[in-house]
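Participant: Provided below: work.cif, containing mmCIF, N, CA and C atoms.
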```
data_target
#
loop_
_atom_site.label_atom_id
_atom_site.label_comp_id
_atom_site.auth_asym_id
_atom_site.auth_seq_id
_atom_site.Cartn_x
_atom_site.Cartn_y
_atom_site.Cartn_z
N MET C 1 73.98 50.25 29.12
CA MET C 1 72.79 51.06 29.22
C MET C 1 73.03 52.42 28.57
N ASP C 2 72.01 52.95 27.96
CA ASP C 2 72.08 54.31 27.46
C ASP C 2 72.10 55.28 28.61
N LYS C 3 72.51 56.51 28.34
CA LYS C 3 72.53 57.53 29.38
C LYS C 3 71.13 57.84 29.88
N GLU C 4 70.14 57.69 29.04
CA GLU C 4 68.75 57.95 29.43
C GLU C 4 68.27 56.80 30.31
N ALA C 5 67.89 57.13 31.54
CA ALA C 5 67.49 56.10 32.52
C ALA C 5 66.37 55.23 31.98
N GLY C 6 66.49 53.95 32.24
CA GLY C 6 65.46 53.00 31.87
C GLY C 6 65.53 52.52 30.43
N LYS C 7 66.47 53.01 29.66
CA LYS C 7 66.58 52.61 28.26
C LYS C 7 67.70 51.60 28.11
N LEU C 8 67.45 50.59 27.32
CA LEU C 8 68.47 49.60 27.02
C LEU C 8 69.05 49.91 25.64
N PRO C 9 70.25 49.42 25.37
CA PRO C 9 70.84 49.64 24.05
C PRO C 9 69.93 49.11 22.95
N ALA C 10 70.01 49.71 21.78
CA ALA C 10 69.19 49.29 20.65
C ALA C 10 69.35 47.80 20.39
N GLY C 11 68.25 47.14 20.16
CA GLY C 11 68.28 45.72 19.82
C GLY C 11 68.20 44.80 21.03
N VAL C 12 68.32 45.33 22.25
CA VAL C 12 68.23 44.49 23.44
C VAL C 12 66.78 44.44 23.89
N VAL C 13 66.25 43.24 24.00
CA VAL C 13 64.87 43.05 24.43
C VAL C 13 64.91 42.29 25.76
N VAL C 14 64.46 42.96 26.83
CA VAL C 14 64.58 42.33 28.15
C VAL C 14 63.78 41.04 28.24
N GLU C 15 62.71 40.94 27.51
CA GLU C 15 61.91 39.73 27.55
C GLU C 15 62.64 38.51 27.01
N ASN C 16 63.79 38.73 26.33
CA ASN C 16 64.57 37.62 25.78
C ASN C 16 65.60 37.07 26.77
N PHE C 17 65.74 37.70 27.94
CA PHE C 17 66.68 37.21 28.93
C PHE C 17 66.19 35.87 29.46
N GLU C 18 67.12 34.97 29.66
CA GLU C 18 66.75 33.63 30.10
C GLU C 18 66.78 33.52 31.62
N TYR C 19 65.87 32.75 32.13
CA TYR C 19 65.78 32.43 33.54
C TYR C 19 66.71 31.26 33.82
N ASP C 20 67.49 31.33 34.90
CA ASP C 20 68.42 30.27 35.26
C ASP C 20 68.13 29.81 36.68
N LYS C 21 67.67 28.59 36.82
CA LYS C 21 67.31 28.02 38.13
C LYS C 21 68.49 28.03 39.09
N LYS C 22 69.71 27.88 38.59
CA LYS C 22 70.91 27.89 39.44
C LYS C 22 71.08 29.24 40.12
N ASN C 23 70.81 30.32 39.40
CA ASN C 23 70.88 31.65 40.00
C ASN C 23 69.85 31.79 41.12
N GLU C 24 68.64 31.31 40.86
CA GLU C 24 67.59 31.38 41.88
C GLU C 24 68.01 30.61 43.13
N GLU C 25 68.54 29.42 42.96
CA GLU C 25 68.96 28.61 44.11
C GLU C 25 70.07 29.28 44.90
N LEU C 26 71.05 29.85 44.21
CA LEU C 26 72.14 30.55 44.87
C LEU C 26 71.62 31.75 45.66
N VAL C 27 70.73 32.51 45.05
CA VAL C 27 70.19 33.70 45.71
C VAL C 27 69.37 33.29 46.94
N LYS C 28 68.51 32.31 46.79
CA LYS C 28 67.69 31.88 47.93
C LYS C 28 68.55 31.37 49.08
N LYS C 29 69.66 30.75 48.75
CA LYS C 29 70.54 30.18 49.77
C LYS C 29 71.39 31.24 50.49
N SER C 30 71.88 32.24 49.76
CA SER C 30 72.91 33.13 50.32
C SER C 30 72.56 34.62 50.38
N PHE C 31 71.41 35.03 49.87
CA PHE C 31 71.12 36.46 49.79
C PHE C 31 71.14 37.15 51.14
N TRP C 32 70.43 36.60 52.11
CA TRP C 32 70.31 37.31 53.39
C TRP C 32 71.62 37.37 54.15
N SER C 33 72.41 36.32 54.12
CA SER C 33 73.69 36.37 54.85
C SER C 33 74.62 37.41 54.24
N LYS C 34 74.68 37.50 52.92
CA LYS C 34 75.52 38.51 52.25
C LYS C 34 74.98 39.91 52.51
N THR C 35 73.68 40.08 52.40
CA THR C 35 73.06 41.39 52.58
C THR C 35 73.29 41.92 53.99
N LYS C 36 73.15 41.07 54.98
CA LYS C 36 73.35 41.50 56.37
C LYS C 36 74.80 41.91 56.62
N LYS C 37 75.74 41.27 55.95
CA LYS C 37 77.16 41.60 56.11
C LYS C 37 77.52 42.95 55.51
N VAL C 38 76.88 43.31 54.41
CA VAL C 38 77.30 44.50 53.66
C VAL C 38 76.29 45.65 53.69
N ALA C 39 75.20 45.49 54.42
CA ALA C 39 74.10 46.46 54.37
C ALA C 39 74.54 47.90 54.61
N GLY C 40 75.44 48.13 55.52
CA GLY C 40 75.88 49.50 55.80
C GLY C 40 76.99 49.98 54.89
N LYS C 41 77.49 49.12 54.04
CA LYS C 41 78.65 49.45 53.20
C LYS C 41 78.30 49.76 51.75
N ILE C 42 77.09 49.43 51.34
CA ILE C 42 76.73 49.62 49.94
C ILE C 42 75.48 50.50 49.83
N PRO C 43 75.44 51.36 48.83
CA PRO C 43 74.31 52.28 48.70
C PRO C 43 73.06 51.66 48.07
N PHE C 44 73.18 50.47 47.52
CA PHE C 44 72.05 49.90 46.79
C PHE C 44 71.34 48.78 47.55
N THR C 45 71.50 48.74 48.86
CA THR C 45 70.89 47.66 49.65
C THR C 45 69.37 47.62 49.50
N ARG C 46 68.71 48.77 49.61
CA ARG C 46 67.24 48.80 49.50
C ARG C 46 66.78 48.28 48.14
N GLU C 47 67.47 48.70 47.10
CA GLU C 47 67.10 48.26 45.76
C GLU C 47 67.33 46.76 45.58
N ALA C 48 68.42 46.26 46.15
CA ALA C 48 68.70 44.83 46.05
C ALA C 48 67.63 44.01 46.76
N ILE C 49 67.21 44.47 47.93
CA ILE C 49 66.18 43.74 48.68
C ILE C 49 64.84 43.81 47.95
N ALA C 50 64.49 44.98 47.42
CA ALA C 50 63.25 45.09 46.65
C ALA C 50 63.29 44.19 45.43
N MET C 51 64.46 44.12 44.77
CA MET C 51 64.62 43.24 43.62
C MET C 51 64.45 41.77 44.02
N TYR C 52 64.97 41.43 45.19
CA TYR C 52 64.84 40.07 45.72
C TYR C 52 63.36 39.71 45.88
N TYR C 53 62.61 40.58 46.52
CA TYR C 53 61.19 40.31 46.72
C TYR C 53 60.44 40.28 45.40
N CYS C 54 60.83 41.09 44.45
CA CYS C 54 60.24 41.07 43.13
C CYS C 54 60.49 39.71 42.46
N ALA C 55 61.71 39.22 42.59
CA ALA C 55 62.08 37.94 41.97
C ALA C 55 61.29 36.77 42.58
N LEU C 56 60.96 36.88 43.86
CA LEU C 56 60.21 35.82 44.51
C LEU C 56 58.71 35.87 44.24
N ASP C 57 58.22 37.01 43.79
CA ASP C 57 56.80 37.22 43.58
C ASP C 57 56.29 36.36 42.42
N ALA C 58 55.25 35.59 42.67
CA ALA C 58 54.68 34.72 41.66
C ALA C 58 54.13 35.50 40.46
N LYS C 59 53.79 36.78 40.67
CA LYS C 59 53.23 37.61 39.60
C LYS C 59 54.30 38.20 38.69
N THR C 60 55.56 38.09 39.07
CA THR C 60 56.65 38.64 38.26
C THR C 60 56.91 37.74 37.06
N PRO C 61 56.97 38.32 35.86
CA PRO C 61 57.24 37.50 34.66
C PRO C 61 58.60 36.79 34.74
N LEU C 62 58.68 35.66 34.10
CA LEU C 62 59.90 34.84 34.14
C LEU C 62 61.12 35.60 33.64
N TRP C 63 60.98 36.41 32.60
CA TRP C 63 62.12 37.18 32.08
C TRP C 63 62.66 38.13 33.15
N ALA C 64 61.76 38.75 33.92
CA ALA C 64 62.19 39.68 34.97
C ALA C 64 62.83 38.92 36.12
N LYS C 65 62.29 37.75 36.45
CA LYS C 65 62.92 36.91 37.47
C LYS C 65 64.34 36.54 37.05
N GLY C 66 64.51 36.23 35.76
CA GLY C 66 65.83 35.87 35.24
C GLY C 66 66.83 36.99 35.42
N ILE C 67 66.41 38.21 35.11
CA ILE C 67 67.29 39.37 35.27
C ILE C 67 67.58 39.60 36.74
N ALA C 68 66.54 39.57 37.56
CA ALA C 68 66.70 39.83 39.00
C ALA C 68 67.61 38.80 39.64
N PHE C 69 67.32 37.52 39.42
CA PHE C 69 68.15 36.48 40.03
C PHE C 69 69.57 36.52 39.48
N GLY C 70 69.75 36.88 38.21
CA GLY C 70 71.08 36.99 37.64
C GLY C 70 71.89 38.10 38.30
N ALA C 71 71.28 39.27 38.44
CA ALA C 71 71.96 40.40 39.08
C ALA C 71 72.25 40.11 40.54
N LEU C 72 71.29 39.53 41.24
CA LEU C 72 71.48 39.21 42.66
C LEU C 72 72.52 38.11 42.84
N ALA C 73 72.56 37.15 41.94
CA ALA C 73 73.57 36.09 42.02
C ALA C 73 74.96 36.68 41.84
N TYR C 74 75.11 37.63 40.93
CA TYR C 74 76.40 38.29 40.76
C TYR C 74 76.80 39.02 42.03
N PHE C 75 75.84 39.71 42.64
CA PHE C 75 76.08 40.45 43.87
C PHE C 75 76.57 39.55 45.00
N ILE C 76 75.98 38.38 45.15
CA ILE C 76 76.35 37.53 46.29
C ILE C 76 77.47 36.54 45.96
N SER C 77 77.80 36.42 44.71
CA SER C 77 78.85 35.48 44.31
C SER C 77 80.21 35.90 44.85
N PRO C 78 80.98 34.94 45.35
CA PRO C 78 82.32 35.28 45.83
C PRO C 78 83.30 35.55 44.69
N ILE C 79 82.92 35.22 43.47
CA ILE C 79 83.77 35.45 42.31
C ILE C 79 83.28 36.71 41.62
N ASP C 80 84.12 37.74 41.58
CA ASP C 80 83.75 39.05 41.04
C ASP C 80 84.82 39.53 40.08
N ALA C 81 84.42 40.45 39.22
CA ALA C 81 85.41 41.10 38.36
C ALA C 81 86.35 41.95 39.22
N ILE C 82 85.78 42.59 40.25
CA ILE C 82 86.57 43.36 41.22
C ILE C 82 86.26 42.79 42.59
N PRO C 83 87.22 42.18 43.27
CA PRO C 83 86.94 41.57 44.58
C PRO C 83 86.36 42.58 45.57
N ASP C 84 85.32 42.17 46.31
CA ASP C 84 84.64 43.05 47.25
C ASP C 84 85.56 43.54 48.37
N ALA C 85 86.63 42.83 48.64
CA ALA C 85 87.55 43.21 49.72
C ALA C 85 88.39 44.45 49.38
N LEU C 86 88.44 44.83 48.11
CA LEU C 86 89.22 46.01 47.73
C LEU C 86 88.48 47.27 48.17
N ILE C 87 89.01 47.95 49.14
CA ILE C 87 88.37 49.13 49.71
C ILE C 87 88.21 50.21 48.63
N GLY C 88 87.00 50.72 48.53
CA GLY C 88 86.72 51.78 47.58
C GLY C 88 86.33 51.31 46.19
N LEU C 89 86.74 50.12 45.81
CA LEU C 89 86.42 49.61 44.47
C LEU C 89 85.61 48.33 44.49
N GLY C 90 85.64 47.62 45.58
CA GLY C 90 85.10 46.27 45.64
C GLY C 90 83.66 46.09 45.21
N PHE C 91 82.83 47.06 45.47
CA PHE C 91 81.42 46.91 45.13
C PHE C 91 81.03 47.68 43.87
N THR C 92 82.00 48.26 43.17
CA THR C 92 81.65 49.05 41.98
C THR C 92 81.08 48.17 40.87
N ASP C 93 81.64 46.99 40.70
CA ASP C 93 81.10 46.10 39.67
C ASP C 93 79.73 45.58 40.08
N ASP C 94 79.56 45.28 41.36
CA ASP C 94 78.26 44.84 41.86
C ASP C 94 77.22 45.94 41.65
N ALA C 95 77.60 47.17 41.96
CA ALA C 95 76.69 48.31 41.80
C ALA C 95 76.28 48.49 40.34
N ALA C 96 77.22 48.32 39.43
CA ALA C 96 76.91 48.46 38.00
C ALA C 96 75.94 47.38 37.54
N VAL C 97 76.18 46.14 37.96
CA VAL C 97 75.28 45.04 37.58
C VAL C 97 73.90 45.25 38.20
N MET C 98 73.86 45.66 39.47
CA MET C 98 72.58 45.89 40.14
C MET C 98 71.83 47.05 39.47
N ALA C 99 72.53 48.13 39.14
CA ALA C 99 71.87 49.27 38.49
C ALA C 99 71.26 48.85 37.16
N ALA C 100 71.99 48.06 36.39
CA ALA C 100 71.46 47.59 35.11
C ALA C 100 70.24 46.71 35.32
N GLY C 101 70.32 45.81 36.30
CA GLY C 101 69.18 44.93 36.59
C GLY C 101 67.97 45.70 37.07
N ILE C 102 68.20 46.66 37.95
CA ILE C 102 67.11 47.47 38.49
C ILE C 102 66.42 48.26 37.37
N ARG C 103 67.21 48.85 36.49
CA ARG C 103 66.63 49.59 35.37
C ARG C 103 65.86 48.68 34.43
N ALA C 104 66.39 47.50 34.19
CA ALA C 104 65.76 46.59 33.25
C ALA C 104 64.41 46.08 33.73
N ILE C 105 64.26 45.93 35.05
CA ILE C 105 62.98 45.41 35.57
C ILE C 105 62.21 46.45 36.39
N ALA C 106 62.54 47.71 36.22
CA ALA C 106 61.93 48.78 37.03
C ALA C 106 60.41 48.70 37.06
N GLY C 107 59.79 48.38 35.96
CA GLY C 107 58.33 48.31 35.92
C GLY C 107 57.76 47.12 36.66
N GLN C 108 58.59 46.17 37.01
CA GLN C 108 58.14 44.96 37.71
C GLN C 108 58.29 45.08 39.23
N VAL C 109 59.17 45.97 39.69
CA VAL C 109 59.38 46.16 41.13
C VAL C 109 58.24 47.05 41.63
N LYS C 110 57.38 46.46 42.42
CA LYS C 110 56.16 47.13 42.88
C LYS C 110 56.36 47.75 44.26
N GLU C 111 55.41 48.57 44.65
CA GLU C 111 55.46 49.22 45.96
C GLU C 111 55.52 48.19 47.10
N GLU C 112 54.82 47.07 46.95
CA GLU C 112 54.86 46.04 47.99
C GLU C 112 56.27 45.47 48.16
N HIS C 113 57.04 45.38 47.08
CA HIS C 113 58.42 44.90 47.17
C HIS C 113 59.28 45.92 47.90
N ARG C 114 59.05 47.20 47.60
CA ARG C 114 59.80 48.27 48.27
C ARG C 114 59.46 48.34 49.75
N GLN C 115 58.21 48.13 50.09
CA GLN C 115 57.79 48.16 51.49
C GLN C 115 58.44 47.02 52.27
N LYS C 116 58.51 45.85 51.67
CA LYS C 116 59.18 44.72 52.32
C LYS C 116 60.65 45.02 52.53
N ALA C 117 61.28 45.70 51.57
CA ALA C 117 62.69 46.08 51.72
C ALA C 117 62.86 47.04 52.88
N GLU C 118 61.93 47.97 53.06
CA GLU C 118 62.01 48.92 54.18
C GLU C 118 61.89 48.21 55.52
N GLU C 119 61.12 47.13 55.57
CA GLU C 119 60.97 46.36 56.81
C GLU C 119 62.32 45.80 57.29
N PHE C 120 63.19 45.48 56.36
CA PHE C 120 64.52 44.96 56.71
C PHE C 120 65.26 45.94 57.61
N PHE C 121 65.11 47.23 57.35
CA PHE C 121 65.85 48.25 58.10
C PHE C 121 65.17 48.62 59.42
N LYS C 122 63.96 48.18 59.60
CA LYS C 122 63.27 48.44 60.87
C LYS C 122 63.59 47.39 61.92
N ASN C 123 64.10 46.27 61.49
CA ASN C 123 64.39 45.16 62.43
C ASN C 123 65.81 45.20 62.92
#
```
Let me see the file written as structure tokens.

Facilitator:
Amino acid sequence: MDKEAGKLPAGVVVENFEYDKKNEELVKKSFWSKTKKVAGKIPFTREAIAMYYCALDAKTPLWAKGIAFGALAYFISPIDAIPDALIGLGFTDDAAVMAAGIRAIAGQVKEEHRQKAEEFFKN
């Protein structure tokens, strides 16, 4: 990502990202159990949950679903570039992937998705 928020490197077109059904299945199966385990340990929980609801929304374009499910699948995957168990470093790779995904689909994450994410913290 460029230093300027919301900008992708030259030549990268987010609409060209491919949707992968396997990522969607993994996220639907494991997102909530992983999120509940790490909610107090990571700063991007609200954004991850909003991204999840965005990915499930029928109105979200397929390219954005592909990015969202890809980033969320990386977050919940037990295989990481930096293992989550490493104190202080474990979620840095997850945070970088999530930040890139959030920026790439920022225009697709709606207020209703954010409100649903806030509901998670009220329960």

Participant: What separation in Å, quoted to one decimal, exists between atom CA of Ala99 of chain C and atom CA of Arg46 of chain C?

Facilitator: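 Atom CA of Ala99 of chain C sits 12.0 Å away from atom CA of Arg46 of chain C.
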
Participant: Got a sec to resolve the PyMOL selection byres (((chain C and resi 20-29 and name CA) around 12) and name CA) on this structure and send the residues as number ranges by chain?

Facilitator: C: 17-19, 30-35, 48-49, 51-53, 55-56, 62-78

Participant: Would you mind telling me which residue in C:Val97, C:Ala50, C:Val38, C:Asp57 lies nearest to Gln115 of chain C when using all atoms listed in the file?

Facilitator: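 Closest to Gln115 of chain C, using all atoms listed in the file: C:Ala50.
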
Participant: As an exercise, work out the distance from atom CA of Lys41 of chain C to atom CA of Thr60 of chain C in Å and give it to one decimal place.

Facilitator: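 Computing it gives 28.7 Å between the two atoms.
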
Participant: Starting from 6 Å padding per side, set up an axis-aligned box that covers all listed atoms of segment 45-48 of chain C and hand over centre and edge lengths in Å, one decimal, as JSON.

Facilitator:
```
{"center_x": 69.1, "center_y": 46.4, "center_z": 47.6, "size_x": 16.7, "size_y": 16.8, "size_z": 16.1}
```

Participant: For a test of reading the model, state the distance in Å between atom CA of Lys36 of chain C and atom CA of Ile105 of chain C, rounded to one decimal.

Facilitator: 23.6 Å

Participant: Taking the backbone alone, and naming residues the way the document does, which bits of segment 28-118 of chain C are alpha helix (DSSP H) by DSSP, as a ChimeraX atom specification?

Facilitator: /C:28-38,45-56,62-76,92-104,111-118

Participant: Counting only C-alpha atoms, figure out which residue out of C:Lys37, C:Pro43, C:Cys54, C:Glu112 gets nearest to Thr92 of chain C.

Facilitator: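 Distance minimum relative to Thr92 of chain C lands on C:Pro43.
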